[in-house]
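Asker: Handing over coords20.cif, mmCIF, C-alpha atoms and all ligand atoms.
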```cif
data_final
loop_
_atom_site.group_PDB
_atom_site.id
_atom_site.type_symbol
_atom_site.label_atom_id
_atom_site.label_comp_id
_atom_site.auth_asym_id
_atom_site.auth_seq_id
_atom_site.Cartn_x
_atom_site.Cartn_y
_atom_site.Cartn_z
ATOM 1 C CA MET A 1 -26.249 -36.427 -4.502
ATOM 2 C CA THR A 2 -26.997 -35.782 -0.852
ATOM 3 C CA LEU A 3 -30.429 -34.523 0.014
ATOM 4 C CA ALA A 4 -31.583 -33.169 3.332
ATOM 5 C CA ARG A 5 -34.763 -32.202 5.139
ATOM 6 C CA GLY A 6 -36.816 -34.635 3.109
ATOM 7 C CA PHE A 7 -36.473 -32.850 -0.236
ATOM 8 C CA SER A 8 -36.415 -35.121 -3.247
ATOM 9 C CA GLU A 9 -34.633 -34.103 -6.437
ATOM 10 C CA SER A 10 -37.938 -33.672 -8.256
ATOM 11 C CA ARG A 11 -39.167 -31.465 -5.417
ATOM 12 C CA ILE A 12 -36.068 -29.260 -5.742
ATOM 13 C CA ILE A 13 -36.546 -28.864 -9.483
ATOM 14 C CA LEU A 14 -40.183 -27.982 -8.915
ATOM 15 C CA LEU A 15 -39.210 -25.294 -6.411
ATOM 16 C CA CYS A 16 -36.700 -23.874 -8.848
ATOM 17 C CA ALA A 17 -39.245 -23.868 -11.632
ATOM 18 C CA LEU A 18 -41.608 -21.880 -9.438
ATOM 19 C CA THR A 19 -39.059 -19.320 -8.287
ATOM 20 C CA PHE A 20 -36.861 -19.284 -11.421
ATOM 21 C CA ARG A 21 -33.813 -20.058 -9.301
ATOM 22 C CA CYS A 22 -32.797 -22.245 -6.411
ATOM 23 C CA ARG A 23 -33.591 -20.589 -3.127
ATOM 24 C CA VAL A 24 -33.912 -23.553 -0.806
ATOM 25 C CA ALA A 25 -31.067 -23.986 1.661
ATOM 26 C CA ILE A 26 -30.557 -27.702 1.372
ATOM 27 C CA LEU A 27 -27.529 -29.875 0.778
ATOM 28 C CA ALA A 28 -28.115 -30.466 -2.879
ATOM 29 C CA LYS A 29 -27.609 -28.957 -6.290
ATOM 30 C CA CYS A 30 -30.486 -28.581 -8.689
ATOM 31 C CA LYS A 31 -29.514 -30.316 -11.919
ATOM 32 C CA LYS A 32 -31.993 -28.306 -13.913
ATOM 33 C CA CYS A 33 -30.841 -24.761 -13.205
ATOM 34 C CA GLU A 34 -27.343 -25.712 -12.010
ATOM 35 C CA VAL A 35 -27.492 -23.245 -9.138
ATOM 36 C CA ASN A 36 -25.822 -24.473 -5.980
ATOM 37 C CA THR A 37 -28.526 -24.551 -3.340
ATOM 38 C CA VAL A 38 -26.185 -24.569 -0.345
ATOM 39 C CA SER A 39 -26.560 -21.061 1.056
ATOM 40 C CA ASN A 40 -25.506 -19.269 4.190
ATOM 41 C CA LEU A 41 -27.482 -16.151 3.306
ATOM 42 C CA THR A 42 -30.539 -15.180 5.280
ATOM 43 C CA ASP A 43 -33.710 -14.048 3.548
ATOM 44 C CA PHE A 44 -32.947 -10.486 4.676
ATOM 45 C CA GLU A 45 -29.446 -10.664 3.187
ATOM 46 C CA ARG A 46 -30.826 -11.974 -0.101
ATOM 47 C CA GLU A 47 -33.130 -8.978 -0.227
ATOM 48 C CA LYS A 48 -30.498 -6.472 0.923
ATOM 49 C CA TYR A 49 -27.998 -7.584 -1.697
ATOM 50 C CA ARG A 50 -30.555 -8.485 -4.380
ATOM 51 C CA ARG A 51 -29.464 -5.780 -6.828
ATOM 52 C CA GLN A 52 -25.864 -7.034 -6.917
ATOM 53 C CA ILE A 53 -26.739 -10.741 -6.743
ATOM 54 C CA MET A 54 -28.611 -10.205 -10.004
ATOM 55 C CA ILE A 55 -25.422 -9.092 -11.813
ATOM 56 C CA PRO A 56 -24.630 -11.835 -14.357
ATOM 57 C CA GLY A 57 -21.764 -13.947 -13.034
ATOM 58 C CA PHE A 58 -22.048 -12.591 -9.492
ATOM 59 C CA GLY A 59 -24.996 -14.395 -7.925
ATOM 60 C CA GLU A 60 -25.453 -15.790 -4.453
ATOM 61 C CA GLU A 61 -22.152 -17.640 -4.674
ATOM 62 C CA ALA A 62 -20.168 -14.393 -4.763
ATOM 63 C CA GLN A 63 -22.382 -12.924 -2.053
ATOM 64 C CA GLU A 64 -21.666 -15.865 0.228
ATOM 65 C CA LYS A 65 -17.944 -15.432 -0.384
ATOM 66 C CA LEU A 66 -18.180 -11.770 0.631
ATOM 67 C CA LYS A 67 -20.053 -12.692 3.802
ATOM 68 C CA ALA A 68 -17.311 -15.166 4.732
ATOM 69 C CA SER A 69 -14.471 -12.780 3.851
ATOM 70 C CA SER A 70 -12.437 -10.127 5.613
ATOM 71 C CA ALA A 71 -10.595 -7.023 4.479
ATOM 72 C CA MET A 72 -8.268 -4.493 6.044
ATOM 73 C CA VAL A 73 -8.263 -0.828 5.068
ATOM 74 C CA MET A 74 -5.023 0.920 5.927
ATOM 75 C CA ARG A 75 -6.144 4.445 6.847
ATOM 76 C CA VAL A 76 -9.788 5.375 6.529
ATOM 77 C CA GLY A 77 -9.411 9.030 5.564
ATOM 78 C CA GLY A 78 -10.445 10.627 2.281
ATOM 79 C CA LEU A 79 -9.509 7.511 0.296
ATOM 80 C CA GLY A 80 -9.868 4.603 2.743
ATOM 81 C CA GLY A 81 -13.169 5.900 4.119
ATOM 82 C CA PRO A 82 -15.116 5.320 0.882
ATOM 83 C CA ILE A 83 -13.278 2.022 0.361
ATOM 84 C CA ALA A 84 -14.485 0.795 3.764
ATOM 85 C CA LEU A 85 -17.997 2.091 3.162
ATOM 86 C CA TRP A 86 -18.372 0.324 -0.174
ATOM 87 C CA LEU A 87 -16.937 -2.919 1.183
ATOM 88 C CA ALA A 88 -19.443 -2.815 4.032
ATOM 89 C CA ALA A 89 -22.254 -1.971 1.610
ATOM 90 C CA ALA A 90 -21.313 -4.947 -0.545
ATOM 91 C CA GLY A 91 -21.565 -7.313 2.425
ATOM 92 C CA VAL A 92 -17.946 -8.063 3.356
ATOM 93 C CA GLY A 93 -18.253 -9.940 6.636
ATOM 94 C CA ARG A 94 -15.386 -8.407 8.597
ATOM 95 C CA LEU A 95 -13.499 -5.142 8.230
ATOM 96 C CA VAL A 96 -10.312 -4.149 10.015
ATOM 97 C CA LEU A 97 -9.911 -0.362 9.914
ATOM 98 C CA ALA A 98 -6.521 1.066 10.881
ATOM 99 C CA HIS A 99 -6.083 4.784 11.367
ATOM 100 C CA ALA A 100 -4.157 6.543 14.107
ATOM 101 C CA GLY A 101 -4.628 10.155 15.149
ATOM 102 C CA LYS A 102 -7.480 12.511 15.947
ATOM 103 C CA LEU A 103 -9.897 14.373 13.706
ATOM 104 C CA THR A 104 -8.959 17.913 12.644
ATOM 105 C CA ALA A 105 -10.981 20.581 10.854
ATOM 106 C CA SER A 106 -8.873 20.164 7.707
ATOM 107 C CA ASN A 107 -9.932 16.472 7.467
ATOM 108 C CA LEU A 108 -13.567 17.380 6.961
ATOM 109 C CA ASN A 109 -13.486 18.148 3.227
ATOM 110 C CA ARG A 110 -12.985 14.453 2.463
ATOM 111 C CA GLN A 111 -13.089 12.042 5.445
ATOM 112 C CA ILE A 112 -16.718 11.009 5.044
ATOM 113 C CA LEU A 113 -16.798 8.434 7.842
ATOM 114 C CA MET A 114 -16.121 11.131 10.451
ATOM 115 C CA ARG A 115 -18.542 13.483 12.165
ATOM 116 C CA GLY A 116 -18.341 17.254 11.993
ATOM 117 C CA ASP A 117 -18.982 17.570 15.721
ATOM 118 C CA SER A 118 -16.116 15.253 16.714
ATOM 119 C CA ILE A 119 -13.016 17.343 16.032
ATOM 120 C CA GLY A 120 -10.289 16.315 18.440
ATOM 121 C CA GLN A 121 -11.682 12.784 18.834
ATOM 122 C CA PRO A 122 -9.822 9.628 17.656
ATOM 123 C CA ARG A 123 -10.643 8.779 14.054
ATOM 124 C CA ALA A 124 -10.646 4.954 13.992
ATOM 125 C CA PRO A 125 -13.598 4.564 16.433
ATOM 126 C CA GLN A 126 -15.621 7.194 14.514
ATOM 127 C CA ALA A 127 -15.029 5.369 11.239
ATOM 128 C CA ALA A 128 -16.005 2.037 12.784
ATOM 129 C CA GLU A 129 -19.177 3.478 14.313
ATOM 130 C CA THR A 130 -20.276 4.945 10.969
ATOM 131 C CA ILE A 131 -19.764 1.582 9.273
ATOM 132 C CA ARG A 132 -21.637 -0.288 12.014
ATOM 133 C CA ARG A 133 -24.606 2.063 11.730
ATOM 134 C CA PHE A 134 -24.669 1.670 7.968
ATOM 135 C CA ASN A 135 -24.371 -2.132 7.983
ATOM 136 C CA PRO A 136 -24.892 -3.733 11.419
ATOM 137 C CA ASP A 137 -24.156 -7.161 9.915
ATOM 138 C CA CYS A 138 -20.537 -6.151 9.254
ATOM 139 C CA ASP A 139 -18.078 -7.072 12.006
ATOM 140 C CA VAL A 140 -15.847 -3.990 12.306
ATOM 141 C CA VAL A 141 -12.535 -3.833 14.156
ATOM 142 C CA ALA A 142 -11.050 -0.366 14.793
ATOM 143 C CA ILE A 143 -7.293 -0.006 15.269
ATOM 144 C CA GLY A 144 -6.015 3.361 16.464
ATOM 145 C CA ASP A 145 -2.372 2.400 17.020
ATOM 146 C CA GLU A 146 0.419 4.020 15.036
ATOM 147 C CA PRO A 147 1.632 1.496 12.449
ATOM 148 C CA THR A 148 5.001 -0.219 12.780
ATOM 149 C CA PRO A 149 6.420 -3.051 10.633
ATOM 150 C CA GLU A 150 5.600 -5.543 13.388
ATOM 151 C CA ARG A 151 2.087 -4.246 13.980
ATOM 152 C CA VAL A 152 1.074 -4.122 10.324
ATOM 153 C CA GLU A 153 2.151 -7.741 9.872
ATOM 154 C CA GLU A 154 -0.122 -8.695 12.747
ATOM 155 C CA TRP A 155 -3.011 -6.747 11.153
ATOM 156 C CA VAL A 156 -2.462 -8.196 7.675
ATOM 157 C CA THR A 157 -2.453 -11.730 9.092
ATOM 158 C CA GLN A 158 -6.097 -11.313 10.126
ATOM 159 C CA VAL A 159 -7.622 -10.631 6.698
ATOM 160 C CA ASP A 160 -8.096 -12.036 3.191
ATOM 161 C CA VAL A 161 -7.291 -8.838 1.296
ATOM 162 C CA VAL A 162 -5.653 -5.501 2.119
ATOM 163 C CA CYS A 163 -6.638 -2.097 0.749
ATOM 164 C CA LEU A 164 -3.694 0.274 0.947
ATOM 165 C CA ALA A 165 -4.984 3.826 1.287
ATOM 166 C CA THR A 166 -2.139 5.537 3.096
ATOM 167 C CA PRO A 167 -0.159 8.375 1.493
ATOM 168 C CA ASP A 168 2.838 7.578 3.726
ATOM 169 C CA PHE A 169 5.557 5.786 1.765
ATOM 170 C CA ALA A 170 7.034 4.016 4.788
ATOM 171 C CA GLU A 171 3.623 2.583 5.671
ATOM 172 C CA ARG A 172 3.102 1.552 2.041
ATOM 173 C CA HIS A 173 6.382 -0.376 2.121
ATOM 174 C CA TRP A 174 5.647 -2.031 5.491
ATOM 175 C CA ILE A 175 2.177 -3.171 4.408
ATOM 176 C CA SER A 176 3.410 -4.353 1.004
ATOM 177 C CA ASP A 177 6.286 -6.283 2.598
ATOM 178 C CA ALA A 178 3.865 -7.971 5.007
ATOM 179 C CA CYS A 179 1.545 -8.887 2.136
ATOM 180 C CA VAL A 180 4.476 -10.417 0.224
ATOM 181 C CA ARG A 181 5.621 -12.426 3.253
ATOM 182 C CA LEU A 182 2.077 -13.605 4.042
ATOM 183 C CA ARG A 183 1.068 -14.037 0.362
ATOM 184 C CA LYS A 184 -1.929 -11.743 0.714
ATOM 185 C CA PRO A 185 -3.434 -9.819 -2.210
ATOM 186 C CA MET A 186 -3.423 -6.046 -1.910
ATOM 187 C CA VAL A 187 -5.211 -3.218 -3.674
ATOM 188 C CA PHE A 188 -2.926 -0.202 -4.042
ATOM 189 C CA ALA A 189 -4.561 3.201 -4.411
ATOM 190 C CA GLY A 190 -2.876 6.588 -4.359
ATOM 191 C CA MET A 191 -3.730 10.128 -5.348
ATOM 192 C CA ASP A 192 -2.321 13.638 -5.424
ATOM 193 C CA ASP A 193 -4.139 16.818 -6.393
ATOM 194 C CA MET A 194 -6.585 15.789 -9.175
ATOM 195 C CA GLN A 195 -4.693 12.630 -10.208
ATOM 196 C CA ALA A 196 -5.203 9.053 -9.043
ATOM 197 C CA GLN A 197 -3.532 5.660 -9.492
ATOM 198 C CA LEU A 198 -4.827 2.140 -8.898
ATOM 199 C CA THR A 199 -3.506 -1.399 -9.254
ATOM 200 C CA THR A 200 -4.018 -4.772 -7.604
ATOM 201 C CA MET A 201 -1.008 -6.698 -6.367
ATOM 202 C CA VAL A 202 -0.605 -10.447 -5.861
ATOM 203 C CA PRO A 203 2.731 -11.588 -4.382
ATOM 204 C CA GLY A 204 4.793 -13.571 -6.872
ATOM 205 C CA LEU A 205 2.520 -12.593 -9.754
ATOM 206 C CA THR A 206 2.532 -8.796 -9.976
ATOM 207 C CA PRO A 207 4.842 -5.967 -8.881
ATOM 208 C CA CYS A 208 4.816 -5.095 -5.188
ATOM 209 C CA VAL A 209 4.964 -1.511 -3.915
ATOM 210 C CA ARG A 210 8.768 -1.591 -3.722
ATOM 211 C CA CYS A 211 8.917 -2.672 -7.395
ATOM 212 C CA LEU A 212 6.848 0.372 -8.374
ATOM 213 C CA LEU A 213 7.965 2.917 -5.796
ATOM 214 C CA PRO A 214 11.365 1.898 -4.436
ATOM 215 C CA GLU A 215 12.307 5.341 -3.180
ATOM 216 C CA VAL A 216 10.532 7.858 -0.982
ATOM 217 C CA PRO A 217 10.461 11.096 -3.028
ATOM 218 C CA GLU A 218 12.139 13.938 -1.141
ATOM 219 C CA TRP A 219 9.459 16.376 -2.269
ATOM 220 C CA TRP A 220 6.565 14.276 -0.986
ATOM 221 C CA ASP A 221 4.649 15.534 2.053
ATOM 222 C CA PRO A 222 2.095 12.871 3.126
ATOM 223 C CA LEU A 223 0.220 15.427 5.201
ATOM 224 C CA GLY A 224 0.461 18.401 2.874
ATOM 225 C CA PHE A 225 -0.664 17.482 -0.655
ATOM 226 C CA PRO A 226 -3.804 19.067 -2.168
ATOM 227 C CA VAL A 227 -7.056 17.067 -2.174
ATOM 228 C CA LEU A 228 -10.545 17.659 -3.549
ATOM 229 C CA GLY A 229 -12.593 15.071 -1.607
ATOM 230 C CA ALA A 230 -14.488 13.770 -4.646
ATOM 231 C CA VAL A 231 -11.195 12.599 -6.219
ATOM 232 C CA PRO A 232 -10.247 10.077 -3.491
ATOM 233 C CA GLY A 233 -13.979 9.366 -3.301
ATOM 234 C CA SER A 234 -14.013 8.161 -6.898
ATOM 235 C CA LEU A 235 -10.788 6.226 -6.376
ATOM 236 C CA GLY A 236 -12.190 4.604 -3.228
ATOM 237 C CA GLY A 237 -15.120 3.210 -5.194
ATOM 238 C CA LEU A 238 -12.768 1.716 -7.788
ATOM 239 C CA ALA A 239 -10.441 0.283 -5.124
ATOM 240 C CA ALA A 240 -13.364 -1.349 -3.308
ATOM 241 C CA THR A 241 -14.478 -2.869 -6.613
ATOM 242 C CA GLU A 242 -11.020 -4.385 -7.046
ATOM 243 C CA ALA A 243 -11.089 -5.830 -3.516
ATOM 244 C CA ILE A 244 -14.551 -7.313 -4.121
ATOM 245 C CA LYS A 245 -13.281 -8.940 -7.309
ATOM 246 C CA MET A 246 -10.326 -10.454 -5.454
ATOM 247 C CA LEU A 247 -12.586 -11.784 -2.689
ATOM 248 C CA THR A 248 -15.154 -13.316 -5.022
ATOM 249 C CA GLY A 249 -13.276 -14.259 -8.192
ATOM 250 C CA PHE A 250 -15.762 -12.140 -10.125
ATOM 251 C CA GLY A 251 -14.537 -10.005 -13.027
ATOM 252 C CA THR A 252 -10.967 -9.246 -14.062
ATOM 253 C CA PRO A 253 -8.821 -7.331 -11.558
ATOM 254 C CA LEU A 254 -6.057 -4.878 -12.469
ATOM 255 C CA LEU A 255 -3.210 -7.392 -12.166
ATOM 256 C CA GLY A 256 0.033 -6.141 -13.700
ATOM 257 C CA LYS A 257 -1.740 -2.996 -14.852
ATOM 258 C CA LEU A 258 -1.780 0.527 -13.436
ATOM 259 C CA LEU A 259 -4.845 2.694 -13.946
ATOM 260 C CA VAL A 260 -3.979 6.392 -13.957
ATOM 261 C CA TYR A 261 -6.580 9.106 -14.303
ATOM 262 C CA ASP A 262 -6.782 12.855 -14.047
ATOM 263 C CA CYS A 263 -10.039 14.269 -12.783
ATOM 264 C CA ALA A 264 -9.121 17.774 -14.009
ATOM 265 C CA ASP A 265 -9.868 16.759 -17.612
ATOM 266 C CA MET A 266 -11.261 13.235 -17.044
ATOM 267 C CA THR A 267 -8.556 11.400 -18.956
ATOM 268 C CA PHE A 268 -8.071 7.724 -18.111
ATOM 269 C CA ALA A 269 -5.181 5.453 -19.144
ATOM 270 C CA THR A 270 -3.979 1.969 -18.215
ATOM 271 C CA PHE A 271 -0.309 0.972 -18.334
ATOM 272 C CA GLU A 272 1.404 -2.408 -18.145
ATOM 273 C CA ILE A 273 3.692 -2.672 -15.117
ATOM 274 C CA SER A 274 6.427 -5.220 -14.417
ATOM 275 C CA ARG A 275 8.150 -6.716 -11.406
ATOM 276 C CA ASP A 276 11.644 -5.567 -10.508
ATOM 277 C CA PRO A 277 13.855 -8.692 -10.690
ATOM 278 C CA ASN A 278 16.090 -7.099 -8.047
ATOM 279 C CA CYS A 279 13.271 -6.023 -5.730
ATOM 280 C CA PRO A 280 14.405 -6.406 -2.104
ATOM 281 C CA ALA A 281 10.923 -7.557 -1.107
ATOM 282 C CA CYS A 282 9.532 -9.815 -3.810
ATOM 283 C CA ALA A 283 12.442 -10.968 -6.034
ATOM 284 C CA GLY A 284 12.369 -14.759 -6.191
ATOM 285 C CA VAL A 285 8.859 -14.979 -4.749
ATOM 286 C CA SER A 286 6.542 -17.210 -6.777
ATOM 287 C CA ALA A 287 2.780 -17.234 -6.759
HETATM 288 ZN ZN ZN A 301 8.685 -6.120 -5.450
#
```
Would you encode the structure as structure tokens?

Answerer:
Amino acid sequence: MTLARGFSESRIILLCALTFRCRVAILAKCKKCEVNTVSNLTDFEREKYRRQIMIPGFGEEAQEKLKASSAMVMRVGGLGGPIALWLAAAGVGRLVLAHAGKLTASNLNRQILMRGDSIGQPRAPQAAETIRRFNPDCDVVAIGDEPTPERVEEWVTQVDVVCLATPDFAERHWISDACVRLRKPMVFAGMDDMQAQLTTMVPGLTPCVRCLLPEVPEWWDPLGFPVLGAVPGSLGGLAATEAIKMLTGFGTPLLGKLLVYDCADMTFATFEISRDPNCPACAGVSA
């Protein structure tokens, strides 16, 4: 065992006995409480995230993983906005927020990262500014470019996990294809009216978006479906939870399962989903 800063093993155990857990940032592991004492968290971060660190099985180890991790949220509107906010609140170290276009009055029933006095202004910088004010320790990158297959691959390359919160089927396919090529995990969330769907995708292990949704429905209008803001709000919290689980290894993510719920009557159901062996994107891909 390697010790540093003059701490002996007995001294470490004594410190742990006094504080009920290892809190000293030294290059050693206390054999008594079996808590890894190597920590990159500051005292302020330990206090800020104390209520989630205390979750059994989460601990400082998961918190350190979040601090060292990065996530991309594809569109930060009614659904992606709460995803980004909860990821920042949890302590994800770096967020890449992609959302083209400018704020309109009809966005304001759900896009909680925006400001009511900024109609006509670009949305990505507003979302990033809200996140920075909420958690200044989070490194936020705002992307206001319109997505293309080439651009989304460049964005996906930069992060550890992707949260797909766009209602546009073409964008869903581009992001999913990039995740398959780059072997990145992705949380898929979608909603319409009072209904919502959620699953977590791992290339080579679970279905990709093209397995589930190979065709763009003719009836679908990505800019014209009904939304009550609290519905994507609830879904955003669940999607962020899935991303946190993928980044930390904590809990059991929705792999190969699709959660479907209807907020009109609060019915929830989970279905098994399978890969398409003829999928043009992920057939033949192994984990
Ligand atoms: Zn597929």

Asker: Residues at most 7 Å from ligand ZN 301 (chain A), using all atoms listed in the file? Could they come as a list in words?

Answerer: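 Based on all atoms listed in the file, ligand ZN 301 (chain A) is surrounded within 7 Å by Pro207, Cys208, Val209, Arg210, Cys211, Arg275, Asp276, Cys279, Pro280, Ala281, Cys282 and Ala283 of chain A.
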
Asker: Go ahead and save the residues from that selection, with C-alpha atoms, as an mmCIF file, keeping the file's coordinate frame.

Answerer:
```
data_model
loop_
_atom_site.group_PDB
_atom_site.id
_atom_site.type_symbol
_atom_site.label_atom_id
_atom_site.label_comp_id
_atom_site.auth_asym_id
_atom_site.auth_seq_id
_atom_site.Cartn_x
_atom_site.Cartn_y
_atom_site.Cartn_z
ATOM 1 C CA PRO A 207 4.842 -5.967 -8.881
ATOM 2 C CA CYS A 208 4.816 -5.095 -5.188
ATOM 3 C CA VAL A 209 4.964 -1.511 -3.915
ATOM 4 C CA ARG A 210 8.768 -1.591 -3.722
ATOM 5 C CA CYS A 211 8.917 -2.672 -7.395
ATOM 6 C CA ARG A 275 8.150 -6.716 -11.406
ATOM 7 C CA ASP A 276 11.644 -5.567 -10.508
ATOM 8 C CA CYS A 279 13.271 -6.023 -5.730
ATOM 9 C CA PRO A 280 14.405 -6.406 -2.104
ATOM 10 C CA ALA A 281 10.923 -7.557 -1.107
ATOM 11 C CA CYS A 282 9.532 -9.815 -3.810
ATOM 12 C CA ALA A 283 12.442 -10.968 -6.034
#
```

Asker: Please report, as CSV, each residue of segment 119-217 of chain A lying at most 10 Å from segment 232-251 of chain A, together with the nearest pair of atoms and the separation in Å rounded to one decimal; use all atoms listed in the file, and order rows by chain and ascending residue number.

Answerer:
```
residue,atom,partner,partner_atom,distance
A:Asp160,CA,A:Leu247,CA,7.4
A:Val161,CA,A:Ala243,CA,6.8
A:Val162,CA,A:Ala243,CA,7.8
A:Cys163,CA,A:Ala243,CA,7.2
A:Leu164,CA,A:Ala239,CA,9.1
A:Ala165,CA,A:Gly236,CA,8.5
A:Pro185,CA,A:Met246,CA,7.6
A:Met186,CA,A:Ala243,CA,7.8
A:Val187,CA,A:Ala243,CA,6.4
A:Phe188,CA,A:Ala239,CA,7.6
A:Ala189,CA,A:Ala239,CA,6.6
A:Gly190,CA,A:Leu235,CA,8.2
A:Met191,CA,A:Pro232,CA,6.8
A:Asp192,CA,A:Pro232,CA,8.9
A:Asp193,CA,A:Pro232,CA,9.5
A:Met194,CA,A:Pro232,CA,8.9
A:Gln195,CA,A:Pro232,CA,9.1
A:Ala196,CA,A:Leu235,CA,6.8
A:Gln197,CA,A:Leu235,CA,7.9
A:Leu198,CA,A:Ala239,CA,7.0
A:Thr199,CA,A:Ala239,CA,8.2
A:Thr200,CA,A:Glu242,CA,7.0
A:Val202,CA,A:Met246,CA,9.7
```

Asker: Determine, counting only C-alpha atoms, every residue of protein, DNA or RNA that lies within 7 Å of (6.9, 7.7, 1.0) in the file coordinates, then give the result as a list in words.

Answerer: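 The distance filter leaves exactly Asp168, Phe169, Ala170, Val216, Pro217 and Trp220 of chain A.
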
Asker: Could you tell me which residues the PyMOL selection byres (((chain A and resi 113-123) around 7) and not hetatm) grabs in this file, written as a PyMOL selection string?

Answerer: chain A and resi 81+99-105+108+111-112+124-127+130

Asker: For the selection you just gave me, I'd like the residues written to a file as a compact mmCIF listing (two decimals), keeping the file's coordinate frame, keeping C-alpha atoms.

Answerer:
```txt
# COMPACT_ATOMS: atom_id res chain seq x y z
CA GLY A 81 -13.17 5.90 4.12
CA HIS A 99 -6.08 4.78 11.37
CA ALA A 100 -4.16 6.54 14.11
CA GLY A 101 -4.63 10.15 15.15
CA LYS A 102 -7.48 12.51 15.95
CA LEU A 103 -9.90 14.37 13.71
CA THR A 104 -8.96 17.91 12.64
CA ALA A 105 -10.98 20.58 10.85
CA LEU A 108 -13.57 17.38 6.96
CA GLN A 111 -13.09 12.04 5.44
CA ILE A 112 -16.72 11.01 5.04
CA ALA A 124 -10.65 4.95 13.99
CA PRO A 125 -13.60 4.56 16.43
CA GLN A 126 -15.62 7.19 14.51
CA ALA A 127 -15.03 5.37 11.24
CA THR A 130 -20.28 4.94 10.97
```

Asker: Using Å and a single decimal, report how far atom CA of Glu45 of chain A sits from atom CA of Glu64 of chain A.

Answerer: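 Value for the atom CA of Glu64 of chain A-atom CA of Glu45 of chain A distance: 9.8 Å.
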
Asker: Ranking A:Ser176, A:Gln158, A:Thr206, A:Thr270 by minimum distance to Ala71 of chain A and counting all atoms listed in the file, which one comes first?

Answerer: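 Selected residue with least distance to Ala71 of chain A: A:Gln158.
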
Asker: Filtering to N, CA and C atoms, could segment 216-228 of chain A of the supplied structure be written out as a PDB file, in the first residue's frame?

Answerer:
```
ATOM      1  N   VAL A 216     -39.674   7.380 -40.921  1.00  0.00           N
ATOM      2  CA  VAL A 216     -40.199   8.658 -40.441  1.00  0.00           C
ATOM      3  C   VAL A 216     -41.696   8.671 -40.735  1.00  0.00           C
ATOM      4  N   PRO A 217     -42.548   8.690 -39.702  1.00  0.00           N
ATOM      5  CA  PRO A 217     -44.000   8.675 -39.962  1.00  0.00           C
ATOM      6  C   PRO A 217     -44.428   9.904 -40.760  1.00  0.00           C
ATOM      7  N   GLU A 218     -45.271   9.674 -41.767  1.00  0.00           N
ATOM      8  CA  GLU A 218     -45.699  10.794 -42.621  1.00  0.00           C
ATOM      9  C   GLU A 218     -46.504  11.817 -41.842  1.00  0.00           C
ATOM     10  N   TRP A 219     -47.220  11.343 -40.806  1.00  0.00           N
ATOM     11  CA  TRP A 219     -48.105  12.224 -40.058  1.00  0.00           C
ATOM     12  C   TRP A 219     -47.368  13.081 -39.046  1.00  0.00           C
ATOM     13  N   TRP A 220     -46.083  12.765 -38.790  1.00  0.00           N
ATOM     14  CA  TRP A 220     -45.377  13.411 -37.696  1.00  0.00           C
ATOM     15  C   TRP A 220     -44.920  14.818 -38.056  1.00  0.00           C
ATOM     16  N   ASP A 221     -45.257  15.786 -37.202  1.00  0.00           N
ATOM     17  CA  ASP A 221     -44.792  17.158 -37.374  1.00  0.00           C
ATOM     18  C   ASP A 221     -43.922  17.521 -36.174  1.00  0.00           C
ATOM     19  N   PRO A 222     -42.578  17.546 -36.321  1.00  0.00           N
ATOM     20  CA  PRO A 222     -41.712  17.769 -35.159  1.00  0.00           C
ATOM     21  C   PRO A 222     -41.886  19.140 -34.517  1.00  0.00           C
ATOM     22  N   LEU A 223     -42.533  20.045 -35.219  1.00  0.00           N
ATOM     23  CA  LEU A 223     -42.729  21.384 -34.650  1.00  0.00           C
ATOM     24  C   LEU A 223     -44.193  21.663 -34.315  1.00  0.00           C
ATOM     25  N   GLY A 224     -45.050  20.637 -34.462  1.00  0.00           N
ATOM     26  CA  GLY A 224     -46.469  20.925 -34.303  1.00  0.00           C
ATOM     27  C   GLY A 224     -47.238  20.015 -33.373  1.00  0.00           C
ATOM     28  N   PHE A 225     -46.545  19.153 -32.598  1.00  0.00           N
ATOM     29  CA  PHE A 225     -47.293  18.238 -31.722  1.00  0.00           C
ATOM     30  C   PHE A 225     -47.610  18.929 -30.390  1.00  0.00           C
ATOM     31  N   PRO A 226     -48.698  18.489 -29.731  1.00  0.00           N
ATOM     32  CA  PRO A 226     -49.103  19.151 -28.475  1.00  0.00           C
ATOM     33  C   PRO A 226     -48.187  18.792 -27.311  1.00  0.00           C
ATOM     34  N   VAL A 227     -47.945  19.752 -26.435  1.00  0.00           N
ATOM     35  CA  VAL A 227     -47.059  19.545 -25.275  1.00  0.00           C
ATOM     36  C   VAL A 227     -47.597  20.300 -24.066  1.00  0.00           C
ATOM     37  N   LEU A 228     -47.750  19.598 -22.945  1.00  0.00           N
ATOM     38  CA  LEU A 228     -47.908  20.233 -21.639  1.00  0.00           C
ATOM     39  C   LEU A 228     -46.530  20.161 -20.983  1.00  0.00           C
TER      40      LEU A 228
END
```
